[in-house]
$ cat input39.txt   # compact mmCIF, C-alpha atoms and all ligand atoms
# COMPACT_ATOMS: atom_id res chain seq x y z
CA MET H 642 0.81 8.15 35.87
CA SER H 643 3.36 9.85 38.08
CA THR H 644 4.64 11.75 35.04
CA LEU H 645 1.37 13.65 34.56
CA PRO H 646 1.51 17.40 35.32
CA ILE H 647 -1.01 17.08 38.16
CA SER H 648 -2.03 14.36 40.59
CA TYR H 649 -5.08 13.88 42.76
CA ASP H 650 -3.02 15.12 45.72
CA ASP H 651 -2.77 18.48 43.94
CA VAL H 652 -6.57 18.60 43.66
CA VAL H 653 -6.92 17.80 47.36
CA ALA H 654 -4.41 20.54 48.26
CA ALA H 655 -6.26 22.99 45.99
CA HIS H 656 -9.50 22.10 47.75
CA GLU H 657 -7.91 22.99 51.09
CA ARG H 658 -6.74 26.35 49.71
CA ILE H 659 -10.14 27.38 48.34
CA ARG H 660 -12.07 26.11 51.35
CA GLY H 661 -14.22 28.84 52.87
CA VAL H 662 -13.44 31.15 49.95
CA ALA H 663 -15.03 29.43 46.95
CA HIS H 664 -18.65 28.29 47.24
CA ARG H 665 -19.37 24.61 47.51
CA THR H 666 -21.93 24.87 44.72
CA PRO H 667 -25.11 22.80 44.78
CA VAL H 668 -25.64 19.53 42.94
CA LEU H 669 -29.13 19.79 41.44
CA THR H 670 -31.34 17.06 40.06
CA SER H 671 -34.31 17.24 37.69
CA THR H 672 -37.02 14.60 37.33
CA THR H 673 -37.78 15.97 33.88
CA ALA H 674 -34.15 15.54 32.79
CA ASN H 675 -34.04 12.05 34.27
CA ASP H 676 -37.25 11.07 32.46
CA LEU H 677 -35.97 12.54 29.22
CA THR H 678 -32.73 10.56 29.30
CA GLY H 679 -33.61 7.45 31.31
CA ALA H 680 -30.62 8.21 33.54
CA GLN H 681 -30.03 9.67 36.97
CA LEU H 682 -28.42 13.05 36.36
CA PHE H 683 -26.46 15.15 38.84
CA PHE H 684 -25.82 18.74 37.75
CA LYS H 685 -22.86 20.45 39.45
CA CYS H 686 -23.93 24.07 39.20
CA GLU H 687 -20.85 26.27 38.84
CA ASN H 688 -23.09 28.99 37.43
CA PHE H 689 -23.64 29.66 41.14
CA GLN H 690 -19.89 29.88 41.86
CA ARG H 691 -18.35 33.24 42.89
CA MET H 692 -18.04 35.50 39.84
CA GLY H 693 -20.35 33.09 38.04
CA ALA H 694 -18.08 30.29 36.86
CA PHE H 695 -15.72 27.51 37.99
CA LYS H 696 -12.73 29.64 36.89
CA PHE H 697 -12.56 31.13 40.38
CA ARG H 698 -11.30 27.77 41.69
CA GLY H 699 -8.22 27.61 39.48
CA ALA H 700 -7.38 31.30 39.62
CA TYR H 701 -7.52 31.42 43.41
CA ASN H 702 -5.51 28.19 43.72
CA ALA H 703 -2.80 29.64 41.48
CA ILE H 704 -2.45 33.07 43.13
CA ALA H 705 -2.64 31.57 46.64
CA GLN H 706 0.60 29.73 45.84
CA PHE H 707 2.56 32.84 44.81
CA THR H 708 5.80 33.47 46.67
CA PRO H 709 5.92 36.70 48.73
CA GLN H 710 7.89 38.25 45.89
CA GLN H 711 5.29 37.25 43.30
CA LYS H 712 2.52 38.55 45.56
CA ALA H 713 4.26 41.89 45.84
CA GLY H 714 4.75 42.04 42.06
CA GLY H 715 1.18 41.25 41.01
CA VAL H 716 -0.56 38.94 38.53
CA ILE H 717 -1.36 39.41 34.83
CA THR H 718 -3.55 37.52 32.41
CA PHE H 719 -4.61 37.99 28.81
CA SER H 720 -8.02 36.32 28.82
CA SER H 721 -11.08 38.53 28.38
CA GLY H 722 -13.63 36.02 29.59
CA ASN H 723 -14.43 34.42 32.92
CA HIS H 724 -10.76 33.83 33.70
CA ALA H 725 -10.16 37.60 33.75
CA GLN H 726 -12.86 38.10 36.35
CA ALA H 727 -11.62 35.09 38.31
CA ILE H 728 -8.09 36.49 38.40
CA ALA H 729 -9.29 39.99 39.32
CA LEU H 730 -11.47 38.72 42.19
CA SER H 731 -8.93 36.19 43.49
CA ALA H 732 -6.16 38.79 43.40
CA ARG H 733 -8.28 41.25 45.34
CA LEU H 734 -9.12 38.64 47.99
CA LEU H 735 -5.42 37.76 48.35
CA GLY H 736 -4.26 41.38 48.36
CA VAL H 737 -2.42 41.09 45.04
CA LYS H 738 -2.50 43.60 42.19
CA ALA H 739 -4.09 42.27 38.96
CA VAL H 740 -3.51 43.45 35.39
CA ILE H 741 -5.92 42.18 32.74
CA VAL H 742 -5.13 42.48 29.03
CA MET H 743 -8.44 42.88 27.15
CA PRO H 744 -9.44 43.57 23.56
CA GLN H 745 -10.60 47.16 22.94
CA ASP H 746 -13.95 45.81 21.76
CA ALA H 747 -14.59 43.54 24.77
CA PRO H 748 -18.25 43.59 25.87
CA ALA H 749 -18.96 46.45 28.28
CA VAL H 750 -20.37 44.06 30.90
CA LYS H 751 -17.10 42.14 31.03
CA VAL H 752 -15.03 45.31 31.21
CA GLU H 753 -17.22 46.63 34.03
CA ALA H 754 -17.24 43.34 35.95
CA THR H 755 -13.46 43.03 35.76
CA ARG H 756 -12.97 46.65 36.79
CA GLY H 757 -15.51 46.15 39.58
CA TYR H 758 -13.31 43.43 41.05
CA GLY H 759 -10.44 45.88 41.10
CA GLY H 760 -8.42 44.74 38.10
CA GLU H 761 -6.29 47.20 36.10
CA LEU H 762 -7.24 46.93 32.44
CA VAL H 763 -4.82 47.20 29.53
CA PHE H 764 -6.52 47.29 26.14
CA TYR H 765 -5.17 45.97 22.86
CA ASP H 766 -6.35 45.83 19.27
CA ARG H 767 -7.31 42.23 18.59
CA TYR H 768 -6.79 42.65 14.84
CA THR H 769 -3.26 44.03 14.95
CA GLU H 770 -1.75 43.02 18.29
CA ASP H 771 -0.88 39.64 19.79
CA ARG H 772 -2.33 39.48 23.29
CA GLU H 773 0.03 36.77 24.47
CA ALA H 774 3.08 38.72 23.35
CA LEU H 775 1.73 41.86 24.98
CA GLY H 776 0.99 39.94 28.20
CA ARG H 777 4.49 38.48 28.29
CA ARG H 778 6.10 41.85 27.61
CA LEU H 779 4.12 43.57 30.37
CA ALA H 780 4.87 40.68 32.74
CA ALA H 781 8.60 41.05 32.12
CA GLU H 782 8.62 44.87 32.25
CA ARG H 783 6.48 45.19 35.37
CA GLY H 784 7.47 42.10 37.36
CA LEU H 785 4.03 40.52 37.06
CA THR H 786 3.38 36.77 37.14
CA LEU H 787 1.39 35.49 34.16
CA ILE H 788 -1.42 33.04 34.93
CA PRO H 789 -2.87 31.67 31.68
CA PRO H 790 -6.53 30.56 31.51
CA TYR H 791 -6.00 26.81 31.36
CA ASP H 792 -2.49 25.52 30.64
CA HIS H 793 -1.08 25.73 34.16
CA PRO H 794 -0.93 22.90 36.74
CA HIS H 795 -2.24 25.07 39.58
CA VAL H 796 -5.17 26.24 37.47
CA MET H 797 -5.94 22.65 36.40
CA ALA H 798 -5.78 21.30 39.96
CA GLY H 799 -8.11 24.07 41.15
CA GLN H 800 -10.69 23.30 38.45
CA GLY H 801 -10.60 19.62 39.47
CA THR H 802 -12.14 20.49 42.83
CA ALA H 803 -15.50 20.85 41.04
CA ALA H 804 -15.55 17.12 40.19
CA LYS H 805 -14.21 16.21 43.63
CA GLU H 806 -17.15 17.97 45.27
CA LEU H 807 -19.62 16.51 42.78
CA ILE H 808 -18.56 12.91 43.44
CA GLU H 809 -18.39 13.49 47.20
CA ASP H 810 -21.93 14.89 47.17
CA ALA H 811 -23.63 12.71 44.53
CA GLY H 812 -21.85 9.42 45.21
CA PRO H 813 -20.19 7.17 42.61
CA LEU H 814 -20.89 7.95 38.96
CA ASP H 815 -20.85 5.82 35.80
CA LEU H 816 -20.23 8.79 33.53
CA LEU H 817 -18.99 12.36 33.98
CA PHE H 818 -19.55 15.01 31.29
CA VAL H 819 -17.35 18.12 31.33
CA CYS H 820 -17.40 21.32 29.21
CA LEU H 821 -14.21 21.69 27.17
CA GLY H 822 -12.32 24.72 25.90
CA GLY H 823 -8.57 24.59 26.52
CA GLY H 824 -8.95 21.67 28.90
CA GLY H 825 -8.23 23.10 32.35
CA LEU H 826 -11.59 21.98 33.68
CA LEU H 827 -11.55 18.62 31.90
CA SER H 828 -8.01 17.69 32.94
CA GLY H 829 -8.65 18.63 36.57
CA CYS H 830 -12.02 16.86 36.73
CA ALA H 831 -10.63 13.72 35.05
CA THR H 832 -7.85 13.62 37.64
CA ALA H 833 -10.35 13.81 40.50
CA ALA H 834 -12.74 11.30 38.93
CA ARG H 835 -10.03 8.72 38.24
CA ALA H 836 -8.89 8.83 41.85
CA LEU H 837 -12.28 8.85 43.56
CA ASN H 838 -14.20 6.75 41.10
CA PRO H 839 -11.85 4.74 38.85
CA ASP H 840 -14.66 3.12 36.81
CA CYS H 841 -16.30 6.42 35.93
CA LYS H 842 -15.99 7.25 32.23
CA VAL H 843 -15.02 10.88 31.64
CA ILE H 844 -16.29 12.63 28.53
CA GLY H 845 -15.37 16.12 27.32
CA VAL H 846 -17.89 18.16 25.34
CA GLU H 847 -16.89 20.93 22.94
CA PRO H 848 -18.65 23.00 20.27
CA GLU H 849 -19.18 21.30 16.91
CA ALA H 850 -17.53 24.27 15.16
CA GLY H 851 -14.34 23.83 17.21
CA ASN H 852 -13.73 20.09 17.56
CA ASP H 853 -9.95 20.39 17.92
CA GLY H 854 -10.06 18.56 21.25
CA GLN H 855 -11.86 15.58 19.75
CA ARG H 856 -9.42 15.47 16.84
CA SER H 857 -6.47 15.81 19.23
CA LEU H 858 -7.64 12.93 21.42
CA ARG H 859 -8.26 10.70 18.40
CA SER H 860 -5.01 11.52 16.62
CA GLY H 861 -2.79 11.59 19.71
CA ALA H 862 -1.35 15.05 18.98
CA ILE H 863 -2.60 18.59 19.67
CA VAL H 864 -4.61 19.88 16.70
CA HIS H 865 -4.66 23.64 16.06
CA ILE H 866 -7.66 25.34 14.43
CA ASP H 867 -8.77 28.88 13.58
CA THR H 868 -10.91 30.60 16.22
CA PRO H 869 -14.21 28.72 15.88
CA LYS H 870 -17.49 30.56 15.25
CA THR H 871 -19.79 29.48 18.06
CA ILE H 872 -21.98 31.06 20.71
CA ALA H 873 -19.91 29.15 23.29
CA ASP H 874 -17.48 32.05 23.77
CA GLY H 875 -15.69 30.35 26.67
CA ALA H 876 -14.72 27.46 24.38
CA GLN H 877 -13.44 29.43 21.38
CA THR H 878 -9.97 28.09 22.00
CA GLN H 879 -7.74 27.19 19.09
CA HIS H 880 -5.96 24.27 20.73
CA LEU H 881 -5.57 22.29 23.94
CA GLY H 882 -2.61 23.07 26.19
CA GLU H 883 0.55 21.00 26.54
CA TYR H 884 -0.23 20.25 30.19
CA THR H 885 -3.96 19.78 29.73
CA PHE H 886 -3.50 17.45 26.75
CA ALA H 887 -1.00 15.29 28.66
CA VAL H 888 -3.72 14.59 31.23
CA ILE H 889 -6.62 14.39 28.78
CA ARG H 890 -4.97 11.80 26.51
CA GLU H 891 -4.28 9.59 29.56
CA LEU H 892 -7.51 9.96 31.53
CA VAL H 893 -10.35 11.05 29.23
CA ASP H 894 -12.43 8.36 27.50
CA ASP H 895 -13.99 10.40 24.71
CA ILE H 896 -14.75 13.90 23.47
CA VAL H 897 -18.09 14.61 21.78
CA THR H 898 -19.50 17.77 20.20
CA VAL H 899 -22.77 19.72 20.28
CA SER H 900 -24.17 22.39 17.95
CA ASP H 901 -25.06 25.98 18.84
CA ALA H 902 -28.76 25.12 18.36
CA GLU H 903 -28.39 22.34 20.92
CA LEU H 904 -26.76 24.79 23.33
CA VAL H 905 -29.71 27.16 22.94
CA ASP H 906 -32.19 24.33 23.61
CA THR H 907 -30.23 23.53 26.75
CA MET H 908 -30.22 27.18 27.91
CA LYS H 909 -34.00 27.13 27.55
CA PHE H 910 -34.20 23.85 29.46
CA PHE H 911 -32.17 25.23 32.36
CA ALA H 912 -34.19 28.45 32.49
CA SER H 913 -37.65 26.93 32.20
CA ARG H 914 -37.22 23.65 34.09
CA MET H 915 -34.46 24.31 36.59
CA LYS H 916 -34.84 28.09 37.03
CA ALA H 917 -31.17 28.55 36.27
CA VAL H 918 -29.41 31.03 33.99
CA VAL H 919 -26.57 29.20 32.25
CA GLU H 920 -24.30 30.76 29.64
CA PRO H 921 -23.88 28.98 26.28
CA THR H 922 -20.47 27.51 27.17
CA GLY H 923 -21.86 26.35 30.50
CA CYS H 924 -24.43 24.23 28.63
CA LEU H 925 -21.94 22.10 26.66
CA ALA H 926 -21.86 19.06 28.94
CA ALA H 927 -25.59 19.13 29.66
CA ALA H 928 -26.41 19.48 25.96
CA ALA H 929 -24.52 16.29 25.15
CA VAL H 930 -26.53 14.38 27.75
CA LEU H 931 -29.95 15.93 27.04
CA GLN H 932 -29.43 15.50 23.27
CA ARG H 933 -28.38 11.88 23.90
CA LYS H 934 -25.00 12.08 22.17
CA VAL H 935 -23.93 9.19 24.39
CA ASP H 936 -26.10 6.34 25.67
CA VAL H 937 -26.70 7.14 29.33
CA ARG H 938 -29.79 5.01 29.99
CA GLY H 939 -29.79 3.40 33.42
CA LYS H 940 -26.59 5.21 34.42
CA ARG H 941 -25.63 7.60 37.20
CA VAL H 942 -24.35 10.62 35.32
CA GLY H 943 -22.48 13.71 36.54
CA VAL H 944 -22.78 16.91 34.49
CA ILE H 945 -20.62 19.96 35.10
CA VAL H 946 -22.59 23.16 34.47
CA SER H 947 -19.60 25.44 34.13
CA GLY H 948 -20.89 29.02 34.25
CA GLY H 949 -23.72 31.50 34.09
CA ASN H 950 -22.21 34.75 32.86
CA VAL H 951 -24.38 35.89 30.02
CA ASP H 952 -25.68 39.40 29.52
CA LEU H 953 -29.47 39.38 30.03
CA LEU H 954 -30.21 40.98 26.67
CA ARG H 955 -27.96 38.46 24.97
CA PHE H 956 -29.73 35.70 26.86
CA ALA H 957 -33.13 36.94 25.67
CA GLU H 958 -31.84 37.24 22.11
CA LEU H 959 -30.44 33.69 22.12
CA VAL H 960 -33.53 32.04 23.55
CA GLY H 961 -35.70 34.08 21.16
CA TYR H 962 -37.65 36.28 23.52
CA ALA H 963 -36.14 39.67 22.71
CA GLY H 964 -38.86 42.32 22.39
C1 LIG H 1001 -13.36 28.73 30.48
C2 LIG H 1001 -14.69 28.09 30.45
C3 LIG H 1001 -14.88 26.79 29.94
C4 LIG H 1001 -13.76 25.99 29.33
O1 LIG H 1001 -12.78 25.68 30.29
P1 LIG H 1001 -11.33 25.18 29.88
O2 LIG H 1001 -10.63 24.97 31.15
O3 LIG H 1001 -10.71 26.23 29.01
O4 LIG H 1001 -11.53 23.92 29.10
C5 LIG H 1001 -16.14 26.23 30.01
N1 LIG H 1001 -17.19 26.92 30.52
C6 LIG H 1001 -17.06 28.15 31.00
C7 LIG H 1001 -18.26 28.84 31.55
C8 LIG H 1001 -15.81 28.79 30.99
O5 LIG H 1001 -15.69 30.04 31.47
$ encode --input "input39.txt" --output "structure tokens" --more "lines below"
Ligand SMILES: *Cc1c(COP(=O)(O)O)cnc(C)c1O
Amino acid sequence: MSTLPISYDDVVAAHERIRGVAHRTPVLTSTTANDLTGAQLFFKCENFQRMGAFKFRGAYNAIAQFTPQQKAGGVITFSSGNHAQAIALSARLLGVKAVIVMPQDAPAVKVEATRGYGGELVFYDRYTEDREALGRRLAAERGLTLIPPYDHPHVMAGQGTAAKELIEDAGPLDLLFVCLGGGGLLSGCATAARALNPDCKVIGVEPEAGNDGQRSLRSGAIVHIDTPKTIADGAQTQHLGEYTFAVIRELVDDIVTVSDAELVDTMKFFASRMKAVVEPTGCLAAAAVLQRKVDVRGKRVGVIVSGGNVDLLRFAELVGYAG
């Protein structure tokens, strides 16, 4: 255990760092969801987190640990999704310059949100340029510290604070379902759950079209795939990370998948029954439970709802109400 890249102590330390800065998001319950599944469900609603997703936890935890020299130099990342906004906002709060490498064709809302948080944007052509190479080159040239979206111990420990809060607020769980892309959230949450609640089974949920995590866990080695076609844009990762997989293979019990149609049904459920806007990726864990991919009857079940950043028109289009 001691050889894993993060420990529960790291999650506790992360929780101290983000205290008073990140929101302690609510844990919501739904009688309808309980009746539907025969379980007691506890939804940890990170769609209500600052900047709209749990990614703020990891990004802030990482930048808060910069040395004075790193703080003076600035931070860079090459993700265009929620991690970019999380880095931009965290950097601003900590007085650090942020550079975000984004594809030229990134959605205008994401570009605007990232710029709104004060990030400097550098655009690249996603068909001809390698964003990671560009990020590393800029980092070296400009003295910036690169914080990747998931494969970093400080990011992972920060994400784990979501499960720590959930178990503290809901009490012991039999099962915990976590949305899975590159595994920052899952590895952090599994670390917290194992420490606080050793009997709790931890289950990752990824899109059916991109089941590399499931195949990696079952085969014992990281499986690489092409960018999967799914509406879960926050989980279009091609592989787990070295650090995240080291934790996941030790602490995660299973990884299951859900289809895009099941994600849409879950978005509708959240909107109509729980009055919550949840982005497709944020629905992964809930979809597995509501679609009964795992037998949860009679159990106390934690569900991480990971984010709510979806353009309203896109939301309407997905749930079928576009005019
Ligand atoms: C990034 C993201 C995920 C996946 O997180 P990983 O740490 O990459 O596994 C899930 N949901 C949302 C909303 C995200 O932004």
$ residues_near_ligand --input "input39.txt" --ligand "ligand LIG 1001 (chain H)" --cutoff "8 Å" --atoms "all atoms listed in the file" --output "ChimeraX atom specification"
/H:688,694-696,722-724,790-791,797,800,820-828,875-876,878,920-925,946-950
$ closest_residue --input "input39.txt" --among "H:Phe956, H:Phe683, H:Tyr649, H:Phe689" --to "Leu904 in chain H" --atoms "all atoms listed in the file"
H:Phe956
$ closest_residue --input "input39.txt" --among "H:Val843, H:Ile945, H:Leu954, H:Val668" --to "Ala811 in chain H" --atoms "all atoms listed in the file"
H:Val668
$ closest_residue --input "input39.txt" --among "H:Leu858, H:Leu645, H:Val662, H:Ile808" --to "Val888 in chain H" --atoms "only C-alpha atoms"
H:Leu645
$ atom_distance --input "input39.txt" --atom1 "CA of Asp810 in chain H" --atom2 "CA of Pro667 in chain H"
8.9 Å
$ closest_residue --input "input39.txt" --among "H:Val652, H:Val942, H:Val919, H:Ala754" --to "Leu730 in chain H" --atoms "only C-alpha atoms"
H:Ala754
$ residues_around --input "input39.txt" --residues "range 736-749 of chain H" --least-positions-apart "5" --cutoff "7 Å" --atoms "all atoms listed in the file" --output "number ranges by chain"
H: 712-713, 715-721, 725, 729, 760-767, 776
$ closest_residue --input "input39.txt" --among "H:Tyr884, H:Ala654, H:Ser913, H:Gly714" --to "Ala781 in chain H" --atoms "all atoms listed in the file"
H:Gly714
$ closest_residue --input "input39.txt" --among "H:Val750, H:Leu677, H:Val918, H:Ala655" --to "Ala705 in chain H" --atoms "all atoms listed in the file"
H:Ala655
$ atom_distance --input "input39.txt" --atom1 "CA of Leu787 in chain H" --atom2 "CA of Val951 in chain H"
26.1 Å
$ atom_distance --input "input39.txt" --atom1 "CA of Ala834 in chain H" --atom2 "CA of His656 in chain H"
14.3 Å
$ decode --input "input39.txt" --residues "range 747-758 of chain H" --atoms "all heavy atoms" --output "short mmCIF file (atom, residue, chain, number, x, y, z; two decimals), in the first residue's frame"
data_model
loop_
_atom_site.label_atom_id
_atom_site.label_comp_id
_atom_site.auth_asym_id
_atom_site.auth_seq_id
_atom_site.Cartn_x
_atom_site.Cartn_y
_atom_site.Cartn_z
N ALA H 747 -12.24 24.92 -30.24
CA ALA H 747 -12.89 24.69 -28.94
C ALA H 747 -14.20 25.47 -28.89
O ALA H 747 -14.29 26.55 -29.45
CB ALA H 747 -11.97 25.12 -27.80
N PRO H 748 -15.22 24.92 -28.21
CA PRO H 748 -16.51 25.63 -28.12
C PRO H 748 -16.34 27.02 -27.51
O PRO H 748 -15.57 27.20 -26.56
CB PRO H 748 -17.34 24.74 -27.19
CG PRO H 748 -16.67 23.42 -27.16
CD PRO H 748 -15.23 23.65 -27.49
N ALA H 749 -17.05 27.98 -28.10
CA ALA H 749 -16.92 29.38 -27.67
C ALA H 749 -17.18 29.55 -26.18
O ALA H 749 -16.50 30.32 -25.51
CB ALA H 749 -17.89 30.25 -28.48
N VAL H 750 -18.14 28.79 -25.64
CA VAL H 750 -18.44 28.93 -24.20
C VAL H 750 -17.24 28.59 -23.34
O VAL H 750 -16.98 29.22 -22.33
CB VAL H 750 -19.62 28.02 -23.74
CG1 VAL H 750 -20.94 28.69 -24.00
CG2 VAL H 750 -19.54 26.64 -24.33
N LYS H 751 -16.49 27.55 -23.78
CA LYS H 751 -15.32 27.13 -22.98
C LYS H 751 -14.21 28.16 -23.10
O LYS H 751 -13.53 28.46 -22.12
CB LYS H 751 -14.84 25.77 -23.45
CG LYS H 751 -15.76 24.68 -22.95
CD LYS H 751 -15.17 23.31 -23.03
CE LYS H 751 -16.09 22.32 -22.31
NZ LYS H 751 -16.06 20.99 -22.86
N VAL H 752 -14.04 28.68 -24.31
CA VAL H 752 -13.01 29.71 -24.52
C VAL H 752 -13.34 30.92 -23.65
O VAL H 752 -12.48 31.44 -22.92
CB VAL H 752 -12.97 30.12 -26.02
CG1 VAL H 752 -12.04 31.31 -26.22
CG2 VAL H 752 -12.52 28.93 -26.87
N GLU H 753 -14.60 31.35 -23.68
CA GLU H 753 -15.01 32.53 -22.92
C GLU H 753 -14.88 32.31 -21.41
O GLU H 753 -14.41 33.17 -20.69
CB GLU H 753 -16.45 32.93 -23.27
CG GLU H 753 -16.55 33.66 -24.60
CD GLU H 753 -15.41 34.65 -24.84
OE1 GLU H 753 -15.16 35.50 -23.96
OE2 GLU H 753 -14.73 34.55 -25.88
N ALA H 754 -15.30 31.12 -20.96
CA ALA H 754 -15.24 30.83 -19.52
C ALA H 754 -13.78 30.85 -19.05
O ALA H 754 -13.46 31.44 -18.01
CB ALA H 754 -15.87 29.48 -19.22
N THR H 755 -12.90 30.25 -19.83
CA THR H 755 -11.50 30.18 -19.43
C THR H 755 -10.88 31.56 -19.43
O THR H 755 -10.15 31.94 -18.51
CB THR H 755 -10.73 29.24 -20.39
OG1 THR H 755 -11.44 28.02 -20.47
CG2 THR H 755 -9.33 28.97 -19.89
N ARG H 756 -11.21 32.34 -20.47
CA ARG H 756 -10.70 33.71 -20.54
C ARG H 756 -11.26 34.54 -19.39
O ARG H 756 -10.56 35.34 -18.77
CB ARG H 756 -11.11 34.32 -21.89
CG ARG H 756 -10.24 35.44 -22.34
CD ARG H 756 -10.58 35.87 -23.76
NE ARG H 756 -9.67 35.36 -24.77
CZ ARG H 756 -10.03 35.00 -26.00
NH1 ARG H 756 -11.29 35.06 -26.38
NH2 ARG H 756 -9.13 34.59 -26.86
N GLY H 757 -12.53 34.30 -19.07
CA GLY H 757 -13.19 35.02 -17.98
C GLY H 757 -12.51 34.82 -16.64
O GLY H 757 -12.53 35.68 -15.78
N TYR H 758 -11.90 33.65 -16.46
CA TYR H 758 -11.18 33.38 -15.22
C TYR H 758 -9.75 33.93 -15.27
O TYR H 758 -8.98 33.78 -14.34
CB TYR H 758 -11.13 31.88 -14.93
CG TYR H 758 -12.46 31.29 -14.53
CD1 TYR H 758 -12.96 30.17 -15.18
CD2 TYR H 758 -13.22 31.86 -13.51
CE1 TYR H 758 -14.19 29.63 -14.82
CE2 TYR H 758 -14.44 31.31 -13.15
CZ TYR H 758 -14.93 30.20 -13.80
OH TYR H 758 -16.14 29.67 -13.45
#
